[in-house]
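**Q** Can you read through this structure? Questions will come right after.
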Amino acid sequence: MQDTILILSQEPSAAALVAHTFRWRQLYSTIQPASISYAQAMECNPRGFVLVGRETMNQLDPAFFESDIPLLALGEAAAELCLRCGGETGNAVSVSETVQLTHHDDILFDSITSGERRLKGYSPMTLPENAEPVMFANEDCIAFRLRDKSHYGVQYPIERHDPDGAQLLSNFAQQLCNCRANWDSDAFIDDSLDEIRKKTEGCEKVVCAVSGGVDSAVCARLTSLAAGNRLYCIFIDTGFFHQDEPETIISDFREYMGIDVVHIDARERFLNALAGICGDAEKDQAVSALIREIILDVLASLGQRTAVVLGTNFSEMLDGYASAVEGGEARPLPYPVVEPLKKLFKDEVRSLAQDLQLPVSFSGRQSFPAAGLASRIFGEVTEERLAVLRQAEVCFTDEIIENGFDRRLRKFYAVLLRSPEAPDAYSISLRALQAGRTNVAARLPFDLLERVTERILGEIHSVSRVVYDLTPSKSNGEME
């Protein structure tokens with residue numbers, strides 16, 4: 001069993017950063033809402049607790065503070081922990097320049113040097129009698145530990161690519177919680193294969209719906225290793241894929257992974273299901289409902305001794321997404337369900353795909369909306385509009401790849417809108433995001449954009465305008 005650090009928070013993005021930082025050091029951590037009871041938390045067999053965010057403290061079960069299990073409150077949660085223990089906090093200090101950080105000789109700060117740091121802000125703390133200071137910003141106490149147990153409050157921020165923050169978390173996990181740094185792909189693969197075998201024991205078929213995305217491809221690969229010829233892969237053709245993509249996906253599964261995939265042509269059903277629907281959320285709901293219906297039909301046709309594999313990953317859970325197939329916890333499937341990727345962030349799934357030697361057509365495929373190209377059409381989805389969008393995508397993709405930008409971009413795609421000039425014409429909005437964990441539009445060369453525009457206007461007569469979208473993304477939906 002993996003040694004676990006349990007992160008408790010009401011702020012998913014901040015908690016995810018802390019979890020990622022642990023995992024980069026090969027230390028396993030997972031996230032639960034701050035409202036979880038202590039008894040429920042203990043079912044995860046945690047070696048330590050990390051609290052993130054001010055609201056976390058208001059939600060937390062008091063039993064956590066009575067526990068002898070090491071606890072680390074970060075940022076605003078540290079100031080709240082000070083108050084809870086009987087201390088006081090001063091007015092928040094906004095820092096516009098560097099401060100002098102000094103820390104005591106404490107195991108939490110092993111290999112971390114004192115010196116000047118840039119902090120966004122902090123609240124000076126006056127500690128209760130049962131606490132001792134362990135870090136100062138100039139003359140102000142910003143971190144402490146309780147004298148009778150390994151409970152810490154630290155206002156040092158955990159930021160991306162900060163080695164000191166990563167070292168602090170590593171010290172907490174390894175030195176105070178005695179966690180082993182053994183979270184790697186080999187350990188995960190072994191655990192996943194065992195889980196698939198146990199949950200599908202006695203099942204004659206294990207159904208895995210694949211879409212060409214990295215999540216479902218990794219699930220199919222793991223299931224093929226665990227279940228062998230009991231694996232029954234299906235590809236549901238919604239009609240909302242890229243040009244010639246369904247044929248390519250099925251061929252790649254057979255050629256590179258030795259997995260046969262059953263092609264279910266449901267294009268007409270999906271198009272009818274979206275008739276008259278214009279909103280993105282409504283499109284997603286309609287597509288997800290029909291996918292579920294088709295998978296249930298497949299499961300019913302295979303008999304009762306059947307299990308199903310879902311590709312839900314940890315990033316989706318944090319974002320509040322329910323599986324498009326399972327339809328959320330309120331509507332569980334009436335079959336044994338396996339979710340091998342439920343512990344992994346999206347970037348960890350991609351890394352696992354490489355370790356499993358999946359072809360780049362799967363491991364490097366851009367994420368795609370649940371409703372596919374239907375989500376990239378403003379207004380109702382029709383065969384004509386899908387055809388126009390596919391043609392525009394081909395023009396854009398060809399130029400991106402030919403000029404070597406496909407490896408430099410996180411994502412690139414086209415969106416179809418009504419043209420402002422004529423009611424019977426369309427506009428194409430081109431979208432590209434910089435590589436890395438960023439939501440900023442890429443600065444593509446003007447001559448490339450000019451060539452794409454000339455091609456689209458010259459090859460697709462129903463398009464009268466082409467624009468490049470520079471708007472920063474604020475959500476996953478805007479990145480799709």
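Each chain in the structure tokens gets a letter, A, B and so on, in the order shown; residues start at 1 in every chain, and ligands are counted from 1 in the order they appear.
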Enumerate, as a ChimeraX atom specification, the complete set of residues in region 133-183 of chain A that a backbone-based DSSP assignment places in helix (DSSP H, G or I).
**A** /A:163-176
**Q** Write out, as CSV, each residue of region 330-392 of chain A that has an atom at most 10 Å from region 266-277 of chain A, together with the closest pair of atoms and their distance in Å to one decimal, counting only C-alpha atoms, rows going by chain and rising number.
**A**
```
residue,atom,partner,partner_atom,distance
A:Ala371,CA,A:Phe270,CA,9.7
A:Ala374,CA,A:Leu274,CA,8.7
A:Gly379,CA,A:Ile277,CA,7.4
A:Glu380,CA,A:Ile277,CA,5.6
A:Val381,CA,A:Leu274,CA,6.7
A:Thr382,CA,A:Leu271,CA,7.2
A:Glu383,CA,A:Leu271,CA,8.0
```
**Q** From the options A:Ser94, A:Ser351, A:Thr89, A:Gln10, which residue's atoms come nearest to Met57 (chain A), counting only C-alpha atoms?
**A** A:Gln10
**Q** Residues of region 147-233 of chain A in strand (DSSP E or B) according to DSSP, as a PyMOL selection string?
**A** chain A and resi 151-154+205-210+231-233
**Q** Just N, CA, C and O atoms for this one: save the residues we selected as a PDB file, in the first residue's frame.
**A**
```
ATOM      1  N   HIS A 151       2.581  19.160  14.806  1.00  0.00           N
ATOM      2  CA  HIS A 151       1.626  19.981  14.076  1.00  0.00           C
ATOM      3  C   HIS A 151       2.281  21.335  13.802  1.00  0.00           C
ATOM      4  O   HIS A 151       2.737  22.012  14.727  1.00  0.00           O
ATOM      5  N   TYR A 152       2.314  21.708  12.493  1.00  0.00           N
ATOM      6  CA  TYR A 152       2.989  22.936  12.077  1.00  0.00           C
ATOM      7  C   TYR A 152       2.014  23.881  11.374  1.00  0.00           C
ATOM      8  O   TYR A 152       1.078  23.429  10.686  1.00  0.00           O
ATOM      9  N   GLY A 153       2.284  25.176  11.523  1.00  0.00           N
ATOM     10  CA  GLY A 153       1.617  26.197  10.724  1.00  0.00           C
ATOM     11  C   GLY A 153       2.686  27.013  10.033  1.00  0.00           C
ATOM     12  O   GLY A 153       3.552  27.599  10.693  1.00  0.00           O
ATOM     13  N   VAL A 154       2.687  27.025   8.703  1.00  0.00           N
ATOM     14  CA  VAL A 154       3.757  27.680   7.940  1.00  0.00           C
ATOM     15  C   VAL A 154       3.143  28.566   6.867  1.00  0.00           C
ATOM     16  O   VAL A 154       2.387  28.092   6.011  1.00  0.00           O
ATOM     17  N   LYS A 205     -16.388 -10.686 -19.892  1.00  0.00           N
ATOM     18  CA  LYS A 205     -15.957  -9.587 -20.747  1.00  0.00           C
ATOM     19  C   LYS A 205     -15.713  -8.335 -19.900  1.00  0.00           C
ATOM     20  O   LYS A 205     -16.415  -8.084 -18.918  1.00  0.00           O
ATOM     21  N   VAL A 206     -14.686  -7.561 -20.289  1.00  0.00           N
ATOM     22  CA  VAL A 206     -14.391  -6.283 -19.651  1.00  0.00           C
ATOM     23  C   VAL A 206     -14.445  -5.220 -20.739  1.00  0.00           C
ATOM     24  O   VAL A 206     -13.585  -5.169 -21.617  1.00  0.00           O
ATOM     25  N   VAL A 207     -15.479  -4.396 -20.684  1.00  0.00           N
ATOM     26  CA  VAL A 207     -15.727  -3.415 -21.750  1.00  0.00           C
ATOM     27  C   VAL A 207     -14.957  -2.137 -21.476  1.00  0.00           C
ATOM     28  O   VAL A 207     -14.999  -1.581 -20.374  1.00  0.00           O
ATOM     29  N   CYS A 208     -14.251  -1.664 -22.488  1.00  0.00           N
ATOM     30  CA  CYS A 208     -13.513  -0.404 -22.396  1.00  0.00           C
ATOM     31  C   CYS A 208     -13.854   0.426 -23.622  1.00  0.00           C
ATOM     32  O   CYS A 208     -13.543   0.036 -24.750  1.00  0.00           O
ATOM     33  N   ALA A 209     -14.508   1.564 -23.414  1.00  0.00           N
ATOM     34  CA  ALA A 209     -14.842   2.467 -24.520  1.00  0.00           C
ATOM     35  C   ALA A 209     -13.655   3.380 -24.769  1.00  0.00           C
ATOM     36  O   ALA A 209     -13.190   4.063 -23.853  1.00  0.00           O
ATOM     37  N   VAL A 210     -13.141   3.385 -25.988  1.00  0.00           N
ATOM     38  CA  VAL A 210     -11.980   4.212 -26.334  1.00  0.00           C
ATOM     39  C   VAL A 210     -12.404   5.330 -27.270  1.00  0.00           C
ATOM     40  O   VAL A 210     -13.334   5.188 -28.062  1.00  0.00           O
ATOM     41  N   LEU A 231     -10.810  -8.537 -22.696  1.00  0.00           N
ATOM     42  CA  LEU A 231     -11.009  -7.131 -23.045  1.00  0.00           C
ATOM     43  C   LEU A 231     -11.893  -7.005 -24.280  1.00  0.00           C
ATOM     44  O   LEU A 231     -11.674  -7.677 -25.292  1.00  0.00           O
ATOM     45  N   TYR A 232     -12.894  -6.138 -24.181  1.00  0.00           N
ATOM     46  CA  TYR A 232     -13.808  -5.891 -25.301  1.00  0.00           C
ATOM     47  C   TYR A 232     -13.837  -4.374 -25.514  1.00  0.00           C
ATOM     48  O   TYR A 232     -14.530  -3.644 -24.801  1.00  0.00           O
ATOM     49  N   CYS A 233     -13.038  -3.897 -26.475  1.00  0.00           N
ATOM     50  CA  CYS A 233     -12.921  -2.462 -26.728  1.00  0.00           C
ATOM     51  C   CYS A 233     -13.960  -2.012 -27.751  1.00  0.00           C
ATOM     52  O   CYS A 233     -14.172  -2.678 -28.780  1.00  0.00           O
TER      53      CYS A 233
END
```
**Q** Quick one: pull the distance between CA of Glu247 (chain A) and CA of Thr397 (chain A), Å, one decimal.
**A**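 Distance reported for this atom pair: 18.2 Å.
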**Q** Point out the residue among A:Leu373, A:Glu399, A:Lys198, A:Val452 with the least atom-to-atom distance to Leu416 (chain A), counting only C-alpha atoms.
**A**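 The answer is A:Leu373, which sits nearest to Leu416 (chain A).
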**Q** When you look at Asn178 (chain A) with a cut-off of 9 Å (counting only C-alpha atoms), what residues show up, excluding the ones that are within fewer than 6 positions of it in the same chain? I need them as a ChimeraX atom specification.
**A** /A:3,47,172
**Q** Would you list the contacts of region 30-34 of chain A as a ChimeraX atom specification, taking every protein, DNA or RNA residue within 6 Å and counting only C-alpha atoms, but skipping same-chain residues closer than 2 positions in sequence?
**A** /A:6-10,36,56,59-60
**Q** If you keep all heavy atoms, can you produce a file of those selected residues as a PDB file, in the first residue's frame?
**A**
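File produced: again_10.pdb:
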```pdb
ATOM      1  N   LEU A   6      -2.427  13.160   2.987  1.00  0.00           N
ATOM      2  CA  LEU A   6      -3.791  13.575   2.661  1.00  0.00           C
ATOM      3  C   LEU A   6      -3.883  15.099   2.725  1.00  0.00           C
ATOM      4  O   LEU A   6      -3.615  15.707   3.768  1.00  0.00           O
ATOM      5  CB  LEU A   6      -4.782  12.943   3.627  1.00  0.00           C
ATOM      6  CG  LEU A   6      -6.267  13.021   3.249  1.00  0.00           C
ATOM      7  CD1 LEU A   6      -6.525  12.340   1.917  1.00  0.00           C
ATOM      8  CD2 LEU A   6      -7.115  12.386   4.337  1.00  0.00           C
ATOM      9  N   ILE A   7      -4.240  15.708   1.599  1.00  0.00           N
ATOM     10  CA  ILE A   7      -4.392  17.161   1.518  1.00  0.00           C
ATOM     11  C   ILE A   7      -5.870  17.498   1.686  1.00  0.00           C
ATOM     12  O   ILE A   7      -6.715  16.988   0.942  1.00  0.00           O
ATOM     13  CB  ILE A   7      -3.876  17.694   0.167  1.00  0.00           C
ATOM     14  CG1 ILE A   7      -2.406  17.325  -0.016  1.00  0.00           C
ATOM     15  CG2 ILE A   7      -4.056  19.212   0.071  1.00  0.00           C
ATOM     16  CD1 ILE A   7      -1.885  17.571  -1.407  1.00  0.00           C
ATOM     17  N   LEU A   8      -6.178  18.338   2.656  1.00  0.00           N
ATOM     18  CA  LEU A   8      -7.557  18.733   2.947  1.00  0.00           C
ATOM     19  C   LEU A   8      -7.728  20.191   2.556  1.00  0.00           C
ATOM     20  O   LEU A   8      -6.997  21.062   3.031  1.00  0.00           O
ATOM     21  CB  LEU A   8      -7.867  18.540   4.431  1.00  0.00           C
ATOM     22  CG  LEU A   8      -7.611  17.126   4.969  1.00  0.00           C
ATOM     23  CD1 LEU A   8      -7.765  17.098   6.477  1.00  0.00           C
ATOM     24  CD2 LEU A   8      -8.539  16.125   4.311  1.00  0.00           C
ATOM     25  N   SER A   9      -8.707  20.463   1.676  1.00  0.00           N
ATOM     26  CA  SER A   9      -8.839  21.828   1.174  1.00  0.00           C
ATOM     27  C   SER A   9     -10.198  22.042   0.552  1.00  0.00           C
ATOM     28  O   SER A   9     -10.844  21.103   0.070  1.00  0.00           O
ATOM     29  CB  SER A   9      -7.753  22.120   0.131  1.00  0.00           C
ATOM     30  OG  SER A   9      -7.864  23.434  -0.368  1.00  0.00           O
ATOM     31  N   GLN A  10     -10.618  23.309   0.543  1.00  0.00           N
ATOM     32  CA  GLN A  10     -11.799  23.729  -0.200  1.00  0.00           C
ATOM     33  C   GLN A  10     -11.389  24.487  -1.461  1.00  0.00           C
ATOM     34  O   GLN A  10     -12.228  25.055  -2.139  1.00  0.00           O
ATOM     35  CB  GLN A  10     -12.680  24.641   0.677  1.00  0.00           C
ATOM     36  CG  GLN A  10     -13.249  23.963   1.917  1.00  0.00           C
ATOM     37  CD  GLN A  10     -14.136  22.787   1.580  1.00  0.00           C
ATOM     38  OE1 GLN A  10     -13.709  21.635   1.649  1.00  0.00           O
ATOM     39  NE2 GLN A  10     -15.364  23.058   1.194  1.00  0.00           N
ATOM     40  N   ILE A  36     -14.540  16.456   5.051  1.00  0.00           N
ATOM     41  CA  ILE A  36     -14.473  15.024   5.329  1.00  0.00           C
ATOM     42  C   ILE A  36     -14.311  14.803   6.836  1.00  0.00           C
ATOM     43  O   ILE A  36     -13.659  15.578   7.532  1.00  0.00           O
ATOM     44  CB  ILE A  36     -13.291  14.380   4.564  1.00  0.00           C
ATOM     45  CG1 ILE A  36     -13.339  12.854   4.672  1.00  0.00           C
ATOM     46  CG2 ILE A  36     -11.967  14.918   5.064  1.00  0.00           C
ATOM     47  CD1 ILE A  36     -12.283  12.163   3.807  1.00  0.00           C
ATOM     48  N   THR A  56     -10.638  26.118   4.835  1.00  0.00           N
ATOM     49  CA  THR A  56     -10.419  24.731   5.247  1.00  0.00           C
ATOM     50  C   THR A  56     -10.593  24.573   6.751  1.00  0.00           C
ATOM     51  O   THR A  56     -11.202  23.617   7.236  1.00  0.00           O
ATOM     52  CB  THR A  56      -9.008  24.284   4.832  1.00  0.00           C
ATOM     53  OG1 THR A  56      -8.927  24.316   3.394  1.00  0.00           O
ATOM     54  CG2 THR A  56      -8.703  22.880   5.317  1.00  0.00           C
ATOM     55  N   GLN A  59     -14.112  24.280   8.117  1.00  0.00           N
ATOM     56  CA  GLN A  59     -14.834  23.059   7.762  1.00  0.00           C
ATOM     57  C   GLN A  59     -14.327  21.831   8.519  1.00  0.00           C
ATOM     58  O   GLN A  59     -15.013  20.820   8.615  1.00  0.00           O
ATOM     59  CB  GLN A  59     -14.672  22.796   6.257  1.00  0.00           C
ATOM     60  CG  GLN A  59     -15.202  23.888   5.341  1.00  0.00           C
ATOM     61  CD  GLN A  59     -16.670  23.716   5.069  1.00  0.00           C
ATOM     62  OE1 GLN A  59     -17.198  22.625   5.185  1.00  0.00           O
ATOM     63  NE2 GLN A  59     -17.344  24.800   4.712  1.00  0.00           N
ATOM     64  N   LEU A  60     -13.119  21.914   9.074  1.00  0.00           N
ATOM     65  CA  LEU A  60     -12.417  20.718   9.521  1.00  0.00           C
ATOM     66  C   LEU A  60     -12.994  20.110  10.798  1.00  0.00           C
ATOM     67  O   LEU A  60     -13.361  20.815  11.733  1.00  0.00           O
ATOM     68  CB  LEU A  60     -10.938  21.065   9.733  1.00  0.00           C
ATOM     69  CG  LEU A  60      -9.940  19.957   9.421  1.00  0.00           C
ATOM     70  CD1 LEU A  60     -10.050  19.532   7.964  1.00  0.00           C
ATOM     71  CD2 LEU A  60      -8.529  20.442   9.708  1.00  0.00           C
TER      72      LEU A  60
END
```
**Q** Could you tell me how far CA of Ile294 (chain A) sits from CA of Leu193 (chain A), in Å to one decimal place?
**A**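 These two atoms are separated by 26.6 Å.
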**Q** Can you list, as a list in words, every protein, DNA or RNA residue that comes within 9 Å of Pro128 (chain A) when you count only C-alpha atoms, leaving out same-chain residues fewer than 5 positions away?
**A** Cys82, Leu83, Cys85, Gly86, Gly87 and Glu88 of chain A
**Q** Restrict the selected residues to N, CA and C atoms and save them as a JSON list (two decimals), in the first residue's frame.
**A**
```
[["chain", "number", "residue", "atom", "x", "y", "z"],
["A", 82, "CYS", "N", -3.14, 29.02, 14.18],
["A", 82, "CYS", "CA", -2.64, 29.79, 15.33],
["A", 82, "CYS", "C", -3.81, 30.30, 16.19],
["A", 83, "LEU", "N", -4.82, 30.85, 15.53],
["A", 83, "LEU", "CA", -5.99, 31.35, 16.26],
["A", 83, "LEU", "C", -6.70, 30.22, 16.98],
["A", 85, "CYS", "N", -5.50, 27.55, 18.17],
["A", 85, "CYS", "CA", -4.73, 27.05, 19.31],
["A", 85, "CYS", "C", -4.62, 28.08, 20.43],
["A", 86, "GLY", "N", -5.26, 29.25, 20.26],
["A", 86, "GLY", "CA", -5.26, 30.25, 21.31],
["A", 86, "GLY", "C", -4.32, 31.41, 21.10],
["A", 87, "GLY", "N", -3.69, 31.49, 19.93],
["A", 87, "GLY", "CA", -2.81, 32.60, 19.61],
["A", 87, "GLY", "C", -3.55, 33.76, 18.99],
["A", 88, "GLU", "N", -2.80, 34.71, 18.46],
["A", 88, "GLU", "CA", -3.38, 35.88, 17.82],
["A", 88, "GLU", "C", -2.65, 36.14, 16.50]]
```
**Q** Which one is closest to Tyr38 (chain A): A:Ala217, A:Ala63, A:Ala19, A:Leu444? Count only C-alpha atoms.
**A** A:Ala63
**Q** Could you state the separation of CA of Arg465 (chain A) and CA of Ser419 (chain A) in Å, given to one decimal place?
**A**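 Pair CA of Arg465 (chain A) / CA of Ser419 (chain A) returns 6.8 Å.
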**Q** For a quick check of understanding, using only C-alpha atoms, which of A:Gly53, A:Asp265, A:Leu119, A:Leu127 has the smallest distance to Arg84 (chain A)?
**A**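 Answer, going by the shortest atom-to-atom distance: A:Leu127.
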**Q** Report as a list in words all protein, DNA and RNA residues lying within 9 Å of Asp252 (chain A), evaluated on only C-alpha atoms, omitting residues in the same chain fewer than 6 positions from it.
**A**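 Residues near the query, excluding close chain neighbours: Gly258, Ile259, Pro359, Ser361 and Phe362 of chain A.
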**Q** Could you take the residues named above and write them with N, CA and C atoms, as a compact mmCIF listing (two decimals), in the first residue's frame?
**A**
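This is the output file out_1.txt:
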```
# COMPACT_ATOMS: atom_id res chain seq x y z
N GLY A 258 -2.02 -4.04 -30.69
CA GLY A 258 -2.56 -5.39 -30.85
C GLY A 258 -3.94 -5.57 -30.28
N ILE A 259 -4.73 -4.49 -30.24
CA ILE A 259 -6.07 -4.53 -29.67
C ILE A 259 -7.10 -4.29 -30.75
N PRO A 359 1.89 4.71 -28.71
CA PRO A 359 2.33 5.60 -29.80
C PRO A 359 1.97 7.04 -29.51
N SER A 361 0.47 9.09 -31.21
CA SER A 361 -0.88 9.44 -31.64
C SER A 361 -1.86 9.37 -30.48
N PHE A 362 -1.52 8.59 -29.44
CA PHE A 362 -2.33 8.53 -28.22
C PHE A 362 -1.73 9.39 -27.11
```
**Q** At a cut-off of 10 Å, using only C-alpha atoms, what residues contact Ala432 (chain A)? Leave out same-chain residues fewer than 2 positions from it and give the result as a list in words.
**A**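 The residues satisfying every condition are Ile400, Asp406, Leu409, Arg410, Lys411, Phe412, Tyr413, Ala414, Leu430, Gln434, Ala435, Asn439, Val440, Ala441, Ala442, Arg443, Leu444, Tyr468, Asp469, Leu470 and Met479 of chain A.
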